[in-house]
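File shown: upload_17.cif (mmCIF, N, CA and C atoms and all ligand atoms).
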data_my_file
#
loop_
_atom_site.label_atom_id
_atom_site.label_comp_id
_atom_site.auth_asym_id
_atom_site.auth_seq_id
_atom_site.Cartn_x
_atom_site.Cartn_y
_atom_site.Cartn_z
N MET A 1 -26.05 16.37 87.83
CA MET A 1 -26.37 15.45 88.95
C MET A 1 -25.56 14.18 88.76
N ALA A 2 -24.83 13.80 89.78
CA ALA A 2 -24.04 12.57 89.71
C ALA A 2 -24.94 11.37 90.01
N CYS A 3 -24.76 10.30 89.27
CA CYS A 3 -25.57 9.10 89.44
C CYS A 3 -24.67 7.89 89.58
N ARG A 4 -25.18 6.90 90.31
CA ARG A 4 -24.47 5.63 90.42
C ARG A 4 -25.45 4.54 90.05
N TYR A 5 -25.06 3.71 89.11
CA TYR A 5 -25.93 2.64 88.62
C TYR A 5 -25.56 1.32 89.28
N TRP A 6 -26.58 0.63 89.79
CA TRP A 6 -26.38 -0.67 90.42
C TRP A 6 -26.85 -1.76 89.48
N CYS A 7 -26.05 -2.80 89.35
CA CYS A 7 -26.41 -3.94 88.52
C CYS A 7 -27.56 -4.71 89.18
N GLY A 8 -28.49 -5.22 88.35
CA GLY A 8 -29.60 -5.99 88.88
C GLY A 8 -29.27 -7.47 89.06
N GLU A 9 -28.09 -7.87 88.61
CA GLU A 9 -27.72 -9.29 88.65
C GLU A 9 -26.64 -9.61 89.68
N CYS A 10 -25.76 -8.65 89.96
CA CYS A 10 -24.66 -8.91 90.90
C CYS A 10 -24.38 -7.65 91.73
N ASP A 11 -23.27 -7.62 92.43
CA ASP A 11 -22.96 -6.50 93.34
C ASP A 11 -22.33 -5.30 92.64
N PHE A 12 -22.19 -5.41 91.33
CA PHE A 12 -21.51 -4.33 90.61
C PHE A 12 -22.26 -3.01 90.72
N ARG A 13 -21.52 -1.94 90.89
CA ARG A 13 -22.10 -0.59 90.78
C ARG A 13 -21.06 0.31 90.12
N THR A 14 -21.55 1.27 89.38
CA THR A 14 -20.63 2.17 88.69
C THR A 14 -20.12 3.20 89.68
N PRO A 15 -19.01 3.86 89.35
CA PRO A 15 -18.61 5.01 90.17
C PRO A 15 -19.63 6.14 89.98
N TRP A 16 -19.51 7.22 90.76
CA TRP A 16 -20.40 8.37 90.58
C TRP A 16 -20.04 9.03 89.25
N LEU A 17 -21.01 9.04 88.36
CA LEU A 17 -20.78 9.58 87.01
C LEU A 17 -21.99 10.40 86.60
N SER A 18 -21.87 11.04 85.46
CA SER A 18 -23.05 11.70 84.89
C SER A 18 -24.01 10.60 84.46
N ARG A 19 -25.27 10.96 84.27
CA ARG A 19 -26.29 9.96 83.92
C ARG A 19 -25.90 9.19 82.65
N ALA A 20 -25.47 9.92 81.64
CA ALA A 20 -25.14 9.29 80.36
C ALA A 20 -23.95 8.33 80.51
N LEU A 21 -22.92 8.79 81.22
CA LEU A 21 -21.73 7.95 81.39
C LEU A 21 -22.03 6.73 82.25
N GLY A 22 -22.87 6.90 83.27
CA GLY A 22 -23.24 5.79 84.15
C GLY A 22 -24.00 4.71 83.40
N GLU A 23 -24.94 5.16 82.56
CA GLU A 23 -25.72 4.22 81.74
C GLU A 23 -24.79 3.42 80.84
N GLU A 24 -23.87 4.14 80.23
CA GLU A 24 -22.92 3.52 79.30
C GLU A 24 -22.09 2.47 80.05
N GLU A 25 -21.66 2.83 81.26
CA GLU A 25 -20.84 1.93 82.07
C GLU A 25 -21.62 0.67 82.45
N LEU A 26 -22.91 0.82 82.80
CA LEU A 26 -23.74 -0.33 83.17
C LEU A 26 -23.97 -1.23 81.97
N VAL A 27 -24.24 -0.63 80.81
CA VAL A 27 -24.45 -1.42 79.59
C VAL A 27 -23.18 -2.20 79.27
N ARG A 28 -22.03 -1.54 79.43
CA ARG A 28 -20.74 -2.21 79.17
C ARG A 28 -20.55 -3.39 80.13
N HIS A 29 -20.94 -3.19 81.42
CA HIS A 29 -20.82 -4.26 82.42
C HIS A 29 -21.73 -5.44 82.04
N TYR A 30 -22.96 -5.15 81.63
CA TYR A 30 -23.88 -6.22 81.25
C TYR A 30 -23.34 -6.98 80.04
N HIS A 31 -22.79 -6.24 79.10
CA HIS A 31 -22.25 -6.87 77.90
C HIS A 31 -21.11 -7.80 78.28
N ARG A 32 -20.31 -7.38 79.26
CA ARG A 32 -19.13 -8.15 79.67
C ARG A 32 -19.51 -9.33 80.56
N ASP A 33 -20.36 -9.08 81.57
CA ASP A 33 -20.61 -10.10 82.60
C ASP A 33 -21.96 -10.81 82.49
N HIS A 34 -22.94 -10.20 81.86
CA HIS A 34 -24.27 -10.82 81.79
C HIS A 34 -24.77 -10.74 80.35
N ARG A 35 -24.00 -11.27 79.47
CA ARG A 35 -24.33 -11.18 78.05
C ARG A 35 -25.69 -11.81 77.77
N GLY A 36 -26.51 -11.11 76.98
CA GLY A 36 -27.82 -11.64 76.60
C GLY A 36 -28.93 -11.23 77.55
N ILE A 37 -28.58 -10.57 78.65
CA ILE A 37 -29.60 -10.11 79.60
C ILE A 37 -29.75 -8.60 79.41
N ALA A 38 -30.99 -8.13 79.41
CA ALA A 38 -31.21 -6.69 79.28
C ALA A 38 -30.81 -6.00 80.58
N PRO A 39 -30.08 -4.90 80.49
CA PRO A 39 -29.63 -4.19 81.70
C PRO A 39 -30.79 -3.78 82.60
N GLU A 40 -30.67 -4.15 83.89
CA GLU A 40 -31.66 -3.73 84.88
C GLU A 40 -30.93 -3.16 86.08
N GLY A 41 -31.55 -3.18 87.23
CA GLY A 41 -30.94 -2.61 88.41
C GLY A 41 -31.57 -1.27 88.73
N HIS A 42 -30.89 -0.48 89.54
CA HIS A 42 -31.48 0.81 89.86
C HIS A 42 -30.42 1.91 89.85
N VAL A 43 -30.91 3.12 89.83
CA VAL A 43 -30.03 4.29 89.79
C VAL A 43 -30.07 4.98 91.14
N GLU A 44 -28.90 5.31 91.64
CA GLU A 44 -28.81 6.08 92.89
C GLU A 44 -28.37 7.48 92.49
N ALA A 45 -29.18 8.45 92.81
CA ALA A 45 -28.85 9.84 92.45
C ALA A 45 -28.16 10.50 93.63
N GLY A 46 -27.07 11.19 93.35
CA GLY A 46 -26.32 11.87 94.41
C GLY A 46 -27.13 13.01 94.99
N ARG A 47 -27.04 13.19 96.32
CA ARG A 47 -27.78 14.27 96.96
C ARG A 47 -27.22 15.61 96.50
N TRP A 48 -25.90 15.65 96.37
CA TRP A 48 -25.24 16.84 95.87
C TRP A 48 -24.61 16.51 94.53
N PRO A 49 -24.78 17.37 93.56
CA PRO A 49 -24.08 17.13 92.30
C PRO A 49 -22.58 17.28 92.53
N LEU A 50 -21.85 16.21 92.38
CA LEU A 50 -20.42 16.22 92.70
C LEU A 50 -19.66 17.20 91.82
N ASP A 51 -20.04 17.25 90.54
CA ASP A 51 -19.30 18.14 89.64
C ASP A 51 -19.48 19.59 90.07
N LEU A 52 -20.69 19.91 90.56
CA LEU A 52 -20.95 21.28 91.01
C LEU A 52 -20.14 21.55 92.27
N ALA A 53 -20.08 20.59 93.18
CA ALA A 53 -19.30 20.76 94.41
C ALA A 53 -17.84 21.01 94.07
N CYS A 54 -17.30 20.28 93.11
CA CYS A 54 -15.90 20.48 92.68
C CYS A 54 -15.75 21.86 92.08
N GLY A 55 -16.72 22.28 91.28
CA GLY A 55 -16.67 23.60 90.66
C GLY A 55 -16.63 24.69 91.71
N CYS A 56 -17.38 24.51 92.80
CA CYS A 56 -17.41 25.50 93.88
C CYS A 56 -16.05 25.57 94.56
N LEU A 57 -15.41 24.44 94.76
CA LEU A 57 -14.08 24.42 95.39
C LEU A 57 -13.08 25.18 94.55
N VAL A 58 -13.13 24.95 93.24
CA VAL A 58 -12.22 25.64 92.32
C VAL A 58 -12.49 27.14 92.37
N ALA A 59 -13.76 27.52 92.37
CA ALA A 59 -14.12 28.94 92.42
C ALA A 59 -13.63 29.57 93.71
N ALA A 60 -13.77 28.86 94.84
CA ALA A 60 -13.32 29.38 96.13
C ALA A 60 -11.81 29.54 96.14
N ALA A 61 -11.09 28.57 95.58
CA ALA A 61 -9.63 28.64 95.52
C ALA A 61 -9.20 29.81 94.64
N ALA A 62 -9.88 30.02 93.53
CA ALA A 62 -9.55 31.12 92.63
C ALA A 62 -9.80 32.45 93.31
N ALA A 63 -10.90 32.57 94.06
CA ALA A 63 -11.22 33.80 94.77
C ALA A 63 -10.16 34.08 95.82
N ALA A 64 -9.72 33.04 96.54
CA ALA A 64 -8.70 33.20 97.57
C ALA A 64 -7.39 33.66 96.94
N ALA A 65 -7.05 33.10 95.78
CA ALA A 65 -5.82 33.47 95.08
C ALA A 65 -5.88 34.93 94.63
N LEU A 66 -7.04 35.33 94.11
CA LEU A 66 -7.21 36.72 93.66
C LEU A 66 -7.08 37.68 94.84
N LEU A 67 -7.66 37.28 95.98
CA LEU A 67 -7.60 38.12 97.18
C LEU A 67 -6.15 38.29 97.63
N LEU A 68 -5.38 37.19 97.60
CA LEU A 68 -3.97 37.24 97.98
C LEU A 68 -3.19 38.17 97.06
N ILE A 69 -3.45 38.04 95.76
CA ILE A 69 -2.75 38.88 94.78
C ILE A 69 -3.11 40.35 95.00
N ALA A 70 -4.41 40.61 95.21
CA ALA A 70 -4.87 41.98 95.42
C ALA A 70 -4.22 42.56 96.68
N THR A 71 -4.13 41.75 97.74
CA THR A 71 -3.52 42.21 98.98
C THR A 71 -2.04 42.51 98.75
N ALA A 72 -1.36 41.60 98.03
CA ALA A 72 0.07 41.78 97.76
C ALA A 72 0.30 43.04 96.93
N LEU A 73 -0.55 43.26 95.93
CA LEU A 73 -0.40 44.45 95.07
C LEU A 73 -0.66 45.73 95.86
N GLY A 74 -1.60 45.63 96.79
CA GLY A 74 -1.94 46.81 97.61
C GLY A 74 -0.77 47.22 98.49
N ARG A 75 0.08 46.29 98.84
CA ARG A 75 1.21 46.59 99.73
C ARG A 75 2.41 47.14 98.96
N LEU A 76 2.38 47.01 97.64
CA LEU A 76 3.51 47.52 96.85
C LEU A 76 3.55 49.05 96.90
N PRO A 77 4.70 49.62 96.85
CA PRO A 77 4.82 51.07 96.92
C PRO A 77 4.24 51.76 95.68
ZN ZN B 101 -23.60 -7.49 87.20
#
If you convert what's in this file into structure tokens, what do you get?
Amino acid sequence: MACRYWCGECDFRTPWLSRALGEEELVRHYHRDHRGIAPEGHVEAGRWPLDLACGCLVAAAAAAALLLIATALGRLP
């Protein structure tokens, strides 16, 4: 599940990342811009897991490539 973390102090938000990477990114932002304040804000969870969506695209492309190869091989004498 892709998550985006919003800073509780300013307009900063992380890119869509995994939960662990997003947390790390927010902590790094607090350390850089709001030193001494405990990280707050909220988490926005993606409706669709982006990594899964990308995986599906790759799978679809691979299937299309296999189909093309199979068709080409079928036409060989
Ligand atoms: Zn901030």
Using backbone DSSP assignments, extract all strand (DSSP E) residues from chain A; output them as JSON, numbers by chain. {"A": [3, 4, 5, 6, 42, 43, 44, 45]}
Go ahead and dump the residues you just picked, N, CA and C atoms, as a PDB file, in the coordinates of the input.
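As written to disk, again_35.pdb reads:
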ATOM      1  N   CYS A   3     -24.760  10.300  89.270  1.00  0.00           N
ATOM      2  CA  CYS A   3     -25.570   9.100  89.440  1.00  0.00           C
ATOM      3  C   CYS A   3     -24.670   7.890  89.580  1.00  0.00           C
ATOM      4  N   ARG A   4     -25.180   6.900  90.310  1.00  0.00           N
ATOM      5  CA  ARG A   4     -24.470   5.630  90.420  1.00  0.00           C
ATOM      6  C   ARG A   4     -25.450   4.540  90.050  1.00  0.00           C
ATOM      7  N   TYR A   5     -25.060   3.710  89.110  1.00  0.00           N
ATOM      8  CA  TYR A   5     -25.930   2.640  88.620  1.00  0.00           C
ATOM      9  C   TYR A   5     -25.560   1.320  89.280  1.00  0.00           C
ATOM     10  N   TRP A   6     -26.580   0.630  89.790  1.00  0.00           N
ATOM     11  CA  TRP A   6     -26.380  -0.670  90.420  1.00  0.00           C
ATOM     12  C   TRP A   6     -26.850  -1.760  89.480  1.00  0.00           C
ATOM     13  N   HIS A  42     -30.890  -0.480  89.540  1.00  0.00           N
ATOM     14  CA  HIS A  42     -31.480   0.810  89.860  1.00  0.00           C
ATOM     15  C   HIS A  42     -30.420   1.910  89.850  1.00  0.00           C
ATOM     16  N   VAL A  43     -30.910   3.120  89.830  1.00  0.00           N
ATOM     17  CA  VAL A  43     -30.030   4.290  89.790  1.00  0.00           C
ATOM     18  C   VAL A  43     -30.070   4.980  91.140  1.00  0.00           C
ATOM     19  N   GLU A  44     -28.900   5.310  91.640  1.00  0.00           N
ATOM     20  CA  GLU A  44     -28.810   6.080  92.890  1.00  0.00           C
ATOM     21  C   GLU A  44     -28.370   7.480  92.490  1.00  0.00           C
ATOM     22  N   ALA A  45     -29.180   8.450  92.810  1.00  0.00           N
ATOM     23  CA  ALA A  45     -28.850   9.840  92.450  1.00  0.00           C
ATOM     24  C   ALA A  45     -28.160  10.500  93.630  1.00  0.00           C
TER      25      ALA A  45
END
Could you work out how far atom C of Met1 (chain A) lies from atom N of Leu66 (chain A), giving the answer in Å with one decimal? 28.6 Å
To one decimal place, how far is CA of His29 (chain A) from CA of Thr14 (chain A) in Å? 9.0 Å
Kindly compile the residues surrounding ligand ZN 101 (chain B) within 8 Å, counting only C-alpha atoms and all ligand atoms, and format them as a compact mmCIF listing (two decimals) with N, CA and C atoms, in the coordinates of the input.
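Saved as part30.txt:
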# COMPACT_ATOMS: atom_id res chain seq x y z
N CYS A 7 -26.05 -2.80 89.35
CA CYS A 7 -26.41 -3.94 88.52
C CYS A 7 -27.56 -4.71 89.18
N GLY A 8 -28.49 -5.22 88.35
CA GLY A 8 -29.60 -5.99 88.88
C GLY A 8 -29.27 -7.47 89.06
N GLU A 9 -28.09 -7.87 88.61
CA GLU A 9 -27.72 -9.29 88.65
C GLU A 9 -26.64 -9.61 89.68
N CYS A 10 -25.76 -8.65 89.96
CA CYS A 10 -24.66 -8.91 90.90
C CYS A 10 -24.38 -7.65 91.73
N ASP A 11 -23.27 -7.62 92.43
CA ASP A 11 -22.96 -6.50 93.34
C ASP A 11 -22.33 -5.30 92.64
N PHE A 12 -22.19 -5.41 91.33
CA PHE A 12 -21.51 -4.33 90.61
C PHE A 12 -22.26 -3.01 90.72
N ARG A 13 -21.52 -1.94 90.89
CA ARG A 13 -22.10 -0.59 90.78
C ARG A 13 -21.06 0.31 90.12
N HIS A 29 -20.94 -3.19 81.42
CA HIS A 29 -20.82 -4.26 82.42
C HIS A 29 -21.73 -5.44 82.04
N TYR A 30 -22.96 -5.15 81.63
CA TYR A 30 -23.88 -6.22 81.25
C TYR A 30 -23.34 -6.98 80.04
N ASP A 33 -20.36 -9.08 81.57
CA ASP A 33 -20.61 -10.10 82.60
C ASP A 33 -21.96 -10.81 82.49
N HIS A 34 -22.94 -10.20 81.86
CA HIS A 34 -24.27 -10.82 81.79
C HIS A 34 -24.77 -10.74 80.35
From the set A:Ala20, A:Ala63, A:Ala38, A:Val43, which residue has the shortest atom-to-atom contact distance to Tyr5 (chain A), counting all atoms listed in the file?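 Of A:Ala20, A:Ala63, A:Ala38, A:Val43, the one nearest Tyr5 (chain A), counting all atoms listed in the file, is A:Val43.
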Of the candidates A:Leu67, A:Ala62, A:Leu73, A:Leu17, which shows the shortest atom-to-atom distance to Ala45 (chain A), using only C-alpha atoms?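 With only C-alpha atoms as the atom set, the closest residue is A:Leu17.
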Work out how far apart atom C of Arg35 (chain A) and atom N of Pro15 (chain A) are and give it in Å to one decimal. 20.6 Å
